[in-house]
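Engineer: Here it is, the structure, as structure tokens.
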Amino acid sequence: MPSPTPPRTPQLPDGLSTRPLQKSDAHDVFVLMAAQEQQDIGEVAIEEADIVSDWARPSHDLGARSIGVWDGDTLVAYAELMGVDRADTSVLPSHRGRGIGTWLAHWLADLGRRLGSPVIGMPVPQGSPADRLLEALGFRVRWTSWVLKLPEGASIPERDLPEGYTIRTAEPGELRSVHDVLEDAFLEWSVRDREPFEDFEAATTGRPGFEPWNLRVAVDPDGSVVGVSLVLVSDNGSTGYVDRLAVRRDQRNRGIAQALLVDSFARAREHGTTTAELSTDSRTGALPLYERVGMVAESVWVNRALDLEPTTENAV
């Protein structure tokens with residue numbers, strides 16, 4: 001059976017207004033999300049460039065798949081649904097406890113049903129007010145994610161590449177090969193449609209602040225791309241973080257992933273960073289790898305999901 005939801009959609013508190021988001025709202029959404037993250041995890045992980053690049057994806061219809069909630073001129077909450085099931089939502093800490101989050105959850109569920117989504121899910125810090133609210137609304141945990149950091153002064157052990165292999169900056173003509181390596185790897189464990197190349201391009205080379213060195217590739221003796229790392233620098237310049245990392249299936253267990261990590265964080269340090277981080281989740285099975293090279297979990301997130309239709313085994 002579908003997860004339970006309250007029978008009647010709640011009403012927003014008086015005095016609040018709503019409308020679909022526009023690309024010009026990116027900064028206000030960033031301010032909102034930053035305030036929530038600061039409250040819940042003690043630091044700001046989101047960057048405005050994350051929002052801008054997501055909204056630049058050609059497949060994303062922002063106007064049809066988003067809603068903002070305003071208190072006067074202040075954006076106090078928002079929600080959006082990307083693709084089939086990826087939801088994001090946030091409520092300003094000062095406006096919690098007024099039913100806004102519950103209203104947004106209903107709005108997302110209604111949108112998902114209209115679009116034919118079997119499930120919607122969103123990441124929330126484990127144990128946070130959002131986590132507790134979604135649990136109460138019938139959202140189950142789909143997977144757990146960890147943000148891992150390299151302790152100050154630590155370094156990832158070097159790994160030699162197989163003979164004839166090199167790591168370097170990706171060339172413009174290799175972008176489709178890069179996309180193929182990433183998508184082939186991610187789709188081994190992620191249940192979703194293949195990411196359109198144009199969406200990938202918007203989120204990488206089209207991301208505000210992107211520089212060619214951010215995209216690292218491992219190539220074999222024939223020059224074929226066999227591994228990829230997208231390493232970015234935080235807005236404040238202090239952190240280098242690996243946003244995507246993948247190695248082609250037939251090239252694994254040869255030290256390529258570890259060598260890409262070493263290279264990525266080294267390149268980031270050359271550009272002024274002092275800390276290094278990445279994230280992984282329970283679907284990948286990669287957590288032990290990162291822990292073995294000295295990375296430590298700094299925060300834990302859960303992806304909470306609501307089933308919008310019966311599963312095949314329960315369908316009549």
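Going by the structure tokens order, chains are called A, B, ..., each with residues numbered from 1, while ligands are numbered from 1 in the order shown.
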When you look at range 247-254 of chain A with a cut-off of 9 Å (counting only C-alpha atoms), what residues show up, excluding the ones that are within fewer than 3 positions of it in the same chain? I need them as a PyMOL selection string.

Structural biologist: chain A and resi 160-162+181-182+184-185+218+225-229+257

Engineer: Write the selection just made, keeping all heavy atoms, as a PDB file, in the first residue's frame?

Structural biologist:
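Okay, this is what ended up in result_4.pdb:
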```pdb
ATOM      1  N   ASP A 160      49.809   4.258  -7.196  1.00  0.00           N
ATOM      2  CA  ASP A 160      50.352   4.272  -8.552  1.00  0.00           C
ATOM      3  C   ASP A 160      49.285   3.836  -9.542  1.00  0.00           C
ATOM      4  O   ASP A 160      48.515   2.899  -9.282  1.00  0.00           O
ATOM      5  CB  ASP A 160      51.547   3.325  -8.650  1.00  0.00           C
ATOM      6  CG  ASP A 160      52.752   3.814  -7.855  1.00  0.00           C
ATOM      7  OD1 ASP A 160      52.884   5.045  -7.716  1.00  0.00           O
ATOM      8  OD2 ASP A 160      53.534   2.965  -7.392  1.00  0.00           O
ATOM      9  N   LEU A 161      49.256   4.506 -10.659  1.00  0.00           N
ATOM     10  CA  LEU A 161      48.354   4.116 -11.732  1.00  0.00           C
ATOM     11  C   LEU A 161      48.927   2.921 -12.490  1.00  0.00           C
ATOM     12  O   LEU A 161      50.152   2.706 -12.489  1.00  0.00           O
ATOM     13  CB  LEU A 161      48.152   5.272 -12.704  1.00  0.00           C
ATOM     14  CG  LEU A 161      47.274   6.446 -12.240  1.00  0.00           C
ATOM     15  CD1 LEU A 161      47.444   7.620 -13.189  1.00  0.00           C
ATOM     16  CD2 LEU A 161      45.816   6.025 -12.156  1.00  0.00           C
ATOM     17  N   PRO A 162      48.060   2.130 -13.154  1.00  0.00           N
ATOM     18  CA  PRO A 162      48.592   1.076 -14.027  1.00  0.00           C
ATOM     19  C   PRO A 162      49.516   1.685 -15.079  1.00  0.00           C
ATOM     20  O   PRO A 162      49.382   2.859 -15.446  1.00  0.00           O
ATOM     21  CB  PRO A 162      47.329   0.492 -14.665  1.00  0.00           C
ATOM     22  CG  PRO A 162      46.220   0.822 -13.711  1.00  0.00           C
ATOM     23  CD  PRO A 162      46.585   2.146 -13.121  1.00  0.00           C
ATOM     24  N   VAL A 181      31.001   7.689 -18.769  1.00  0.00           N
ATOM     25  CA  VAL A 181      31.618   6.989 -17.640  1.00  0.00           C
ATOM     26  C   VAL A 181      30.832   7.241 -16.356  1.00  0.00           C
ATOM     27  O   VAL A 181      30.547   6.313 -15.586  1.00  0.00           O
ATOM     28  CB  VAL A 181      33.094   7.414 -17.473  1.00  0.00           C
ATOM     29  CG1 VAL A 181      33.656   6.902 -16.142  1.00  0.00           C
ATOM     30  CG2 VAL A 181      33.940   6.891 -18.626  1.00  0.00           C
ATOM     31  N   LEU A 182      30.467   8.491 -16.110  1.00  0.00           N
ATOM     32  CA  LEU A 182      29.720   8.830 -14.898  1.00  0.00           C
ATOM     33  C   LEU A 182      28.352   8.159 -14.882  1.00  0.00           C
ATOM     34  O   LEU A 182      27.960   7.525 -13.895  1.00  0.00           O
ATOM     35  CB  LEU A 182      29.569  10.339 -14.779  1.00  0.00           C
ATOM     36  CG  LEU A 182      30.837  11.116 -14.452  1.00  0.00           C
ATOM     37  CD1 LEU A 182      30.603  12.611 -14.638  1.00  0.00           C
ATOM     38  CD2 LEU A 182      31.316  10.833 -13.025  1.00  0.00           C
ATOM     39  N   ASP A 184      27.145   5.592 -16.679  1.00  0.00           N
ATOM     40  CA  ASP A 184      27.205   4.132 -16.637  1.00  0.00           C
ATOM     41  C   ASP A 184      27.449   3.644 -15.204  1.00  0.00           C
ATOM     42  O   ASP A 184      26.852   2.652 -14.758  1.00  0.00           O
ATOM     43  CB  ASP A 184      28.313   3.607 -17.552  1.00  0.00           C
ATOM     44  CG  ASP A 184      27.978   3.755 -19.034  1.00  0.00           C
ATOM     45  OD1 ASP A 184      26.798   4.043 -19.355  1.00  0.00           O
ATOM     46  OD2 ASP A 184      28.902   3.602 -19.859  1.00  0.00           O
ATOM     47  N   ALA A 185      28.311   4.338 -14.486  1.00  0.00           N
ATOM     48  CA  ALA A 185      28.620   3.939 -13.112  1.00  0.00           C
ATOM     49  C   ALA A 185      27.454   4.231 -12.176  1.00  0.00           C
ATOM     50  O   ALA A 185      27.045   3.366 -11.384  1.00  0.00           O
ATOM     51  CB  ALA A 185      29.877   4.659 -12.628  1.00  0.00           C
ATOM     52  N   ALA A 218      41.011  10.100 -15.785  1.00  0.00           N
ATOM     53  CA  ALA A 218      42.055   9.074 -15.907  1.00  0.00           C
ATOM     54  C   ALA A 218      41.885   8.444 -17.282  1.00  0.00           C
ATOM     55  O   ALA A 218      40.774   8.061 -17.665  1.00  0.00           O
ATOM     56  CB  ALA A 218      41.892   8.021 -14.815  1.00  0.00           C
ATOM     57  N   VAL A 225      38.885   7.548 -21.865  1.00  0.00           N
ATOM     58  CA  VAL A 225      38.546   7.970 -20.508  1.00  0.00           C
ATOM     59  C   VAL A 225      38.025   6.762 -19.730  1.00  0.00           C
ATOM     60  O   VAL A 225      37.034   6.131 -20.126  1.00  0.00           O
ATOM     61  CB  VAL A 225      37.489   9.087 -20.526  1.00  0.00           C
ATOM     62  CG1 VAL A 225      37.044   9.433 -19.092  1.00  0.00           C
ATOM     63  CG2 VAL A 225      38.034  10.324 -21.223  1.00  0.00           C
ATOM     64  N   VAL A 226      38.691   6.439 -18.625  1.00  0.00           N
ATOM     65  CA  VAL A 226      38.273   5.292 -17.818  1.00  0.00           C
ATOM     66  C   VAL A 226      37.874   5.702 -16.397  1.00  0.00           C
ATOM     67  O   VAL A 226      37.342   4.884 -15.649  1.00  0.00           O
ATOM     68  CB  VAL A 226      39.380   4.227 -17.751  1.00  0.00           C
ATOM     69  CG1 VAL A 226      39.689   3.701 -19.149  1.00  0.00           C
ATOM     70  CG2 VAL A 226      40.648   4.775 -17.086  1.00  0.00           C
ATOM     71  N   GLY A 227      38.147   6.936 -16.020  1.00  0.00           N
ATOM     72  CA  GLY A 227      37.775   7.426 -14.703  1.00  0.00           C
ATOM     73  C   GLY A 227      37.576   8.916 -14.742  1.00  0.00           C
ATOM     74  O   GLY A 227      38.189   9.617 -15.568  1.00  0.00           O
ATOM     75  N   VAL A 228      36.698   9.427 -13.856  1.00  0.00           N
ATOM     76  CA  VAL A 228      36.340  10.844 -13.863  1.00  0.00           C
ATOM     77  C   VAL A 228      36.200  11.347 -12.433  1.00  0.00           C
ATOM     78  O   VAL A 228      35.663  10.651 -11.560  1.00  0.00           O
ATOM     79  CB  VAL A 228      35.003  11.082 -14.597  1.00  0.00           C
ATOM     80  CG1 VAL A 228      34.602  12.560 -14.527  1.00  0.00           C
ATOM     81  CG2 VAL A 228      35.075  10.614 -16.043  1.00  0.00           C
ATOM     82  N   SER A 229      36.668  12.560 -12.198  1.00  0.00           N
ATOM     83  CA  SER A 229      36.414  13.254 -10.938  1.00  0.00           C
ATOM     84  C   SER A 229      36.092  14.707 -11.246  1.00  0.00           C
ATOM     85  O   SER A 229      36.836  15.372 -11.970  1.00  0.00           O
ATOM     86  CB  SER A 229      37.630  13.181 -10.008  1.00  0.00           C
ATOM     87  OG  SER A 229      37.435  13.970  -8.855  1.00  0.00           O
ATOM     88  N   ALA A 257      40.490   5.037  -8.661  1.00  0.00           N
ATOM     89  CA  ALA A 257      39.647   5.950  -7.884  1.00  0.00           C
ATOM     90  C   ALA A 257      40.473   6.683  -6.824  1.00  0.00           C
ATOM     91  O   ALA A 257      40.336   7.903  -6.641  1.00  0.00           O
ATOM     92  CB  ALA A 257      38.500   5.186  -7.232  1.00  0.00           C
TER      93      ALA A 257
END
```

Engineer: Identify all residues of range 11-158 of chain A in helix (DSSP H, G or I) (DSSP on the backbone) and supply them as number ranges by chain.

Structural biologist: A: 23-41, 48-55, 93-95, 100-115, 129-136

Engineer: Please indicate the distance in Å from CA of Asp235 in chain A to CA of Ala266 in chain A, rounded to one decimal place.

Structural biologist: 17.9 Å

Engineer: For Glu47 in chain A, work out the shell of residues within 12 Å, counting only C-alpha atoms and skipping chain neighbours fewer than 3 positions away, then give it as a PyMOL selection string.

Structural biologist: chain A and resi 26-35+37+43-44+50-54+207-209+232-237

Engineer: So that I can see what lies close to Gly272 in chain A, please list as a list in words the residues with an atom at most 10 Å from it, counting only C-alpha atoms and leaving out residues fewer than 4 positions away in the same chain.

Structural biologist: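 So, after excluding close chain neighbours, the residues are Val233, Gly237, Ser238, Thr239, Gly240, Arg267 and Ala268 of chain A.
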
Engineer: Would you mind listing what lies within 6 Å of Tyr78 in chain A as an MDAnalysis selection string, with only C-alpha atoms counted and same-chain residues fewer than 2 positions away left out?

Structural biologist: chainID A and resid 67:69 89:90

Engineer: Could those residues be written to a file, using N, CA and C atoms, as a PDB file, in the first residue's frame?

Structural biologist:
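For reference, result_32.pdb as written:
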```
ATOM      1  N   ILE A  67       7.493  25.890  -6.140  1.00  0.00           N
ATOM      2  CA  ILE A  67       6.613  26.825  -5.434  1.00  0.00           C
ATOM      3  C   ILE A  67       7.436  27.552  -4.376  1.00  0.00           C
ATOM      4  N   GLY A  68       7.228  28.844  -4.261  1.00  0.00           N
ATOM      5  CA  GLY A  68       7.853  29.632  -3.210  1.00  0.00           C
ATOM      6  C   GLY A  68       6.790  30.176  -2.281  1.00  0.00           C
ATOM      7  N   VAL A  69       7.124  30.314  -1.011  1.00  0.00           N
ATOM      8  CA  VAL A  69       6.210  30.865  -0.008  1.00  0.00           C
ATOM      9  C   VAL A  69       6.845  32.122   0.553  1.00  0.00           C
ATOM     10  N   THR A  89      13.219  20.866  -0.536  1.00  0.00           N
ATOM     11  CA  THR A  89      12.347  21.793   0.161  1.00  0.00           C
ATOM     12  C   THR A  89      13.095  22.395   1.344  1.00  0.00           C
ATOM     13  N   SER A  90      12.657  23.545   1.785  1.00  0.00           N
ATOM     14  CA  SER A  90      13.308  24.224   2.898  1.00  0.00           C
ATOM     15  C   SER A  90      12.320  25.197   3.529  1.00  0.00           C
TER      16      SER A  90
END
```

Engineer: Can you tell me which residues surround Asp222 in chain A at a distance of at most 12 Å, considering only C-alpha atoms, apart from same-chain residues fewer than 2 positions away, and format the answer as a VMD selection string?

Structural biologist: chain A and resid 163 to 166 218 to 220 224 to 226

Engineer: Next, write the just-selected residues to a file, as an mmCIF file, in the first residue's frame, keeping N, CA, C and O atoms as the atom set.

Structural biologist:
```
data_model
loop_
_atom_site.group_PDB
_atom_site.id
_atom_site.type_symbol
_atom_site.label_atom_id
_atom_site.label_comp_id
_atom_site.auth_asym_id
_atom_site.auth_seq_id
_atom_site.Cartn_x
_atom_site.Cartn_y
_atom_site.Cartn_z
ATOM 1 N N GLU A 163 50.438 0.910 -15.555
ATOM 2 C CA GLU A 163 51.419 1.399 -16.526
ATOM 3 C C GLU A 163 50.720 1.982 -17.756
ATOM 4 O O GLU A 163 49.800 1.374 -18.316
ATOM 5 N N GLY A 164 51.145 3.174 -18.146
ATOM 6 C CA GLY A 164 50.606 3.826 -19.327
ATOM 7 C C GLY A 164 49.387 4.681 -19.080
ATOM 8 O O GLY A 164 48.921 5.377 -19.994
ATOM 9 N N TYR A 165 48.842 4.663 -17.849
ATOM 10 C CA TYR A 165 47.657 5.469 -17.518
ATOM 11 C C TYR A 165 48.097 6.833 -16.987
ATOM 12 O O TYR A 165 49.156 6.953 -16.355
ATOM 13 N N THR A 166 47.298 7.845 -17.222
ATOM 14 C CA THR A 166 47.596 9.186 -16.703
ATOM 15 C C THR A 166 46.311 9.856 -16.213
ATOM 16 O O THR A 166 45.205 9.481 -16.622
ATOM 17 N N ALA A 218 41.011 10.100 -15.785
ATOM 18 C CA ALA A 218 42.055 9.074 -15.907
ATOM 19 C C ALA A 218 41.885 8.444 -17.282
ATOM 20 O O ALA A 218 40.774 8.061 -17.665
ATOM 21 N N VAL A 219 42.972 8.367 -18.032
ATOM 22 C CA VAL A 219 42.906 7.801 -19.380
ATOM 23 C C VAL A 219 43.871 6.634 -19.490
ATOM 24 O O VAL A 219 44.924 6.612 -18.850
ATOM 25 N N ASP A 220 43.466 5.635 -20.304
ATOM 26 C CA ASP A 220 44.301 4.452 -20.491
ATOM 27 C C ASP A 220 45.353 4.720 -21.567
ATOM 28 O O ASP A 220 45.396 5.825 -22.144
ATOM 29 N N SER A 224 41.612 6.522 -23.919
ATOM 30 C CA SER A 224 40.193 6.426 -23.572
ATOM 31 C C SER A 224 39.972 6.837 -22.113
ATOM 32 O O SER A 224 40.772 6.486 -21.226
ATOM 33 N N VAL A 225 38.885 7.548 -21.865
ATOM 34 C CA VAL A 225 38.546 7.970 -20.508
ATOM 35 C C VAL A 225 38.025 6.762 -19.730
ATOM 36 O O VAL A 225 37.034 6.131 -20.126
ATOM 37 N N VAL A 226 38.691 6.439 -18.625
ATOM 38 C CA VAL A 226 38.273 5.292 -17.818
ATOM 39 C C VAL A 226 37.874 5.702 -16.397
ATOM 40 O O VAL A 226 37.342 4.884 -15.649
#
```

Engineer: I'd like the neighbourhood of Glu152 in chain A as a list in words, where a residue qualifies if any of its atoms comes within 10 Å (using only C-alpha atoms), though same-chain residues fewer than 3 positions away should be ignored.

Structural biologist: Lys149, Ser155, Thr274, Thr275 and Ala276 of chain A

Engineer: Enter the distance from CA of Gly15 in chain A to CA of Val76 in chain A, in Å, rounded to one decimal.

Structural biologist: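 Atom-to-atom, CA of Gly15 in chain A to CA of Val76 in chain A, that is 12.0 Å.
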
Engineer: Compare A:Arg65, A:Arg168, A:His106, A:His271 by their minimum atom-to-atom distance to Leu137 in chain A, counting only C-alpha atoms, and give me the closest one.

Structural biologist: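 Looking at the shortest contact to Leu137 in chain A, the residue is A:His106.
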